[in-house]
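Novice: My structure file upload-v1.txt, compact mmCIF, C-alpha atoms, is below:
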# COMPACT_ATOMS: atom_id res chain seq x y z
CA MET E 423 -67.59 158.97 -135.74
CA HIS E 424 -66.90 159.23 -132.01
CA GLU E 425 -70.04 157.24 -131.19
CA VAL E 426 -69.76 154.66 -134.00
CA THR E 427 -68.71 151.11 -133.10
CA ARG E 428 -68.69 149.54 -136.61
CA VAL E 429 -69.08 150.68 -140.20
CA PHE E 430 -70.91 148.37 -142.63
CA LEU E 431 -70.42 149.01 -146.33
CA GLY E 432 -71.68 147.30 -149.47
CA ALA E 433 -69.51 146.54 -152.48
CA SER E 434 -70.03 146.36 -156.22
CA SER E 435 -67.06 143.99 -156.37
CA VAL E 436 -63.96 142.97 -154.47
CA LEU E 437 -60.78 142.63 -156.51
CA SER E 438 -58.04 140.05 -156.09
CA ASN E 439 -55.74 142.34 -154.10
CA GLY E 440 -58.53 143.06 -151.60
CA THR E 441 -59.49 146.40 -153.12
CA VAL E 442 -63.19 147.13 -152.65
CA TYR E 443 -64.89 148.64 -155.67
CA SER E 444 -68.04 150.47 -154.59
CA ARG E 445 -70.14 153.60 -155.09
CA VAL E 446 -68.30 156.89 -154.93
CA GLY E 447 -67.91 158.14 -151.36
CA THR E 448 -67.32 154.70 -149.86
CA ALA E 449 -63.56 155.19 -149.65
CA CYS E 450 -63.95 158.48 -147.77
CA VAL E 451 -66.22 156.92 -145.15
CA ALA E 452 -63.88 153.94 -144.67
CA MET E 453 -60.77 156.12 -144.39
CA VAL E 454 -62.36 158.34 -141.74
CA ALA E 455 -63.50 155.26 -139.82
CA HIS E 456 -59.99 153.83 -140.02
CA ALA E 457 -58.54 157.10 -138.69
CA PHE E 458 -60.90 156.82 -135.69
CA ARG E 459 -59.98 153.13 -135.24
CA VAL E 460 -63.53 151.98 -136.06
CA PRO E 461 -63.71 148.54 -137.75
CA VAL E 462 -64.89 148.64 -141.38
CA LEU E 463 -66.88 145.59 -142.47
CA VAL E 464 -67.69 145.13 -146.16
CA CYS E 465 -70.67 142.99 -147.18
CA CYS E 466 -70.23 141.34 -150.59
CA GLU E 467 -71.35 138.07 -152.17
CA ALA E 468 -68.60 135.75 -153.44
CA TYR E 469 -69.79 135.91 -157.04
CA LYS E 470 -68.76 139.60 -157.04
CA PHE E 471 -65.13 138.71 -156.27
CA HIS E 472 -62.92 139.26 -159.29
CA GLU E 473 -59.39 138.20 -160.21
CA ARG E 474 -58.63 141.63 -161.67
CA VAL E 475 -56.35 144.03 -159.78
CA GLN E 476 -56.92 147.77 -159.80
CA LEU E 477 -54.87 150.34 -157.94
CA ASP E 478 -57.04 153.42 -158.43
CA SER E 479 -60.54 154.36 -159.55
CA ILE E 480 -59.44 156.57 -162.43
CA CYS E 481 -58.15 154.04 -165.00
CA SER E 482 -61.27 151.91 -165.30
CA ASN E 483 -64.46 153.48 -164.04
CA GLU E 484 -67.95 154.34 -165.20
CA LEU E 485 -68.70 157.99 -165.84
CA GLY E 486 -71.94 159.66 -164.88
CA ASP E 487 -73.49 162.75 -166.35
CA PRO E 488 -71.18 165.72 -165.60
CA ASP E 489 -74.19 168.05 -165.49
CA ALA E 490 -75.43 166.15 -162.44
CA ILE E 491 -72.62 167.63 -160.35
CA SER E 492 -72.59 171.10 -161.88
CA LYS E 493 -76.31 171.91 -161.78
CA ILE E 494 -78.22 172.02 -158.54
CA PRO E 495 -82.03 171.91 -158.88
CA GLY E 496 -83.80 174.78 -157.16
CA ARG E 497 -80.78 177.09 -156.96
CA GLU E 498 -80.37 180.07 -159.24
CA GLU E 499 -76.67 180.66 -158.59
CA ILE E 500 -74.75 177.67 -159.87
CA TYR E 501 -71.05 177.62 -159.17
CA LEU E 502 -69.93 175.80 -162.34
CA ASP E 503 -72.59 177.16 -164.71
CA GLY E 504 -70.33 179.34 -166.87
CA GLN E 505 -67.28 177.15 -166.37
CA ALA E 506 -68.65 173.90 -167.81
CA ASN E 507 -67.68 174.91 -171.35
CA CYS E 508 -64.25 176.24 -170.35
CA GLU E 509 -61.34 174.80 -172.30
CA ASN E 510 -59.24 174.09 -169.20
CA LEU E 511 -62.02 172.55 -167.10
CA GLN E 512 -63.70 169.26 -167.80
CA PRO E 513 -66.19 168.12 -165.14
CA LEU E 514 -65.84 164.44 -164.27
CA ASN E 515 -68.51 162.46 -162.47
CA LEU E 516 -67.04 159.13 -161.37
CA ILE E 517 -69.49 156.42 -160.31
CA TYR E 518 -67.20 154.10 -158.29
CA ASP E 519 -64.43 154.33 -155.68
CA ALA E 520 -61.52 151.96 -155.20
CA LEU E 521 -61.02 151.38 -151.48
CA PRO E 522 -57.60 149.88 -150.62
CA SER E 523 -57.63 146.73 -148.50
CA ASP E 524 -55.67 148.48 -145.72
CA TYR E 525 -58.86 150.23 -144.65
CA VAL E 526 -61.03 147.09 -144.57
CA SER E 527 -61.15 145.10 -141.33
CA MET E 528 -63.18 142.17 -142.63
CA ILE E 529 -65.30 141.10 -145.60
CA ILE E 530 -68.62 139.42 -144.86
CA THR E 531 -69.52 136.97 -147.61
CA ASP E 532 -71.46 133.77 -148.14
CA TYR E 533 -68.27 131.92 -147.14
CA GLY E 534 -68.26 133.70 -143.78
CA MET E 535 -66.13 136.55 -142.49
CA VAL E 536 -62.77 136.69 -144.23
CA PRO E 537 -59.89 139.18 -144.25
CA PRO E 538 -59.15 141.01 -147.53
CA THR E 539 -56.01 138.89 -147.96
CA SER E 540 -58.17 135.78 -148.45
CA VAL E 541 -59.95 137.10 -151.55
CA PRO E 542 -57.66 135.28 -154.06
CA VAL E 543 -58.36 131.96 -152.33
CA ILE E 544 -62.12 132.52 -152.52
CA VAL E 545 -61.85 133.53 -156.18
CA ARG E 546 -59.99 130.29 -156.94
CA GLU E 547 -62.38 128.10 -154.91
CA TYR E 548 -65.51 129.79 -156.24
CA ARG E 549 -64.33 129.27 -159.82
CA ARG E 550 -63.57 125.60 -159.10
CA GLU E 551 -67.05 125.05 -157.62
CA HIS E 552 -68.83 126.65 -160.58
CA LEU E 553 -66.89 125.17 -163.49
CA TRP E 554 -69.03 123.42 -166.11
CA MET E 555 -67.29 120.31 -167.37
For the file at hand, write its structure as C-alpha cells.

Specialist:
Amino acid sequence: MHEVTRVFLGASSVLSNGTVYSRVGTACVAMVAHAFRVPVLVCCEAYKFHERVQLDSICSNELGDPDAISKIPGREEIYLDGQANCENLQPLNLIYDALPSDYVSMIITDYGMVPPTSVPVIVREYRREHLWM
C-alpha cells in the first residue's frame, strides 16, 4: 500500500446512504487504503444505485456454499473438516460486503465523478429520467 496512489473498486450497487455493496473483501481493501490515506474510487453505473439503506452486510446478503470455505482442494489436512457438523459452529460464506461511505473518496459513474453524499440526488434524477408515463 506504500506504493499505491489510487484504489479502483467495482460495485454491485451503491445504496442511498453512500454504502457500497460489493464482493466480499472489498471493504477490507478500502479500509486499508483509507488508513494509508490512499484515495478509494468506486466505479458503478447509475442504474445500480438504489434507494435502500443498509448498515451492515449481515442482515441482507447472499450466502455461498459453506463447504467452499472449509474444504481446500489438494490439501489432506483440512482445518474445519471435523468441525463443520459441530452444534456450536455454523460456517457462513457471505458473498457481499457493505463498505461505509466514509471510506470512499469518489464514485465514478455515467454522470461523472460524484461524492458518496450525492447518491440520493442521482437516484432521484435517474428515476425521473426513466419513468414511463

Novice: Looking at E:Ala520, E:Val426, E:Val436, E:Val462, which one is nearest to Ala449 in chain E, with distances taken over only C-alpha atoms?

Specialist: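 Of E:Ala520, E:Val426, E:Val436, E:Val462, the one nearest Ala449 in chain E, counting only C-alpha atoms, is E:Ala520.
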
Novice: Mind giving me the straight-line distance from CA of His456 in chain E to CA of Val526 in chain E in Å, one decimal?

Specialist: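 If I compute the distance from CA of His456 in chain E to CA of Val526 in chain E, I get 8.2 Å.
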
Novice: Using all atoms listed in the file, pick whichever of E:Asn510, E:Thr539, E:Ser435, E:Ser527 has the shortest atom-to-atom distance to Ala455 in chain E.

Specialist: E:Ser527

Novice: Could you please determine the separation between CA of Leu521 in chain E and CA of His472 in chain E in Å, to one decimal place?

Specialist: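 We find that CA of Leu521 in chain E and CA of His472 in chain E lie 14.5 Å from each other.
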
Novice: In terms of the shortest atom-to-atom distance over only C-alpha atoms, which of E:Ser444, E:Ser438, E:Gln512, E:Thr427 is closest to Arg459 in chain E?

Specialist: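 Comparing E:Ser444, E:Ser438, E:Gln512, E:Thr427 against Arg459 in chain E, the winner is E:Thr427.
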
Novice: For Phe458 in chain E, which residue out of E:Ala433, E:Val442, E:Ile530, E:Met423 is the nearest one, using only C-alpha atoms?

Specialist: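 When distances to Phe458 in chain E are compared using only C-alpha atoms, the smallest one comes from E:Met423.
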
Novice: Using only C-alpha atoms for the distances, tell me which of E:Gly447, E:Gly440, E:Pro488, E:Gly432 is nearest to Ile544 in chain E.

Specialist: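 Counting only C-alpha atoms, the residue closest to Ile544 in chain E is E:Gly440.
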
Novice: How many Å lie between CA of Leu431 in chain E and CA of Val451 in chain E, rounded to one decimal?

Specialist: 9.0 Å

Novice: Using only C-alpha atoms for the distances, tell me which of E:Asp487, E:Pro461, E:Gly534, E:Cys450 is nearest to Ile517 in chain E.

Specialist: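 Under the stated criterion, the closest residue is E:Asp487.
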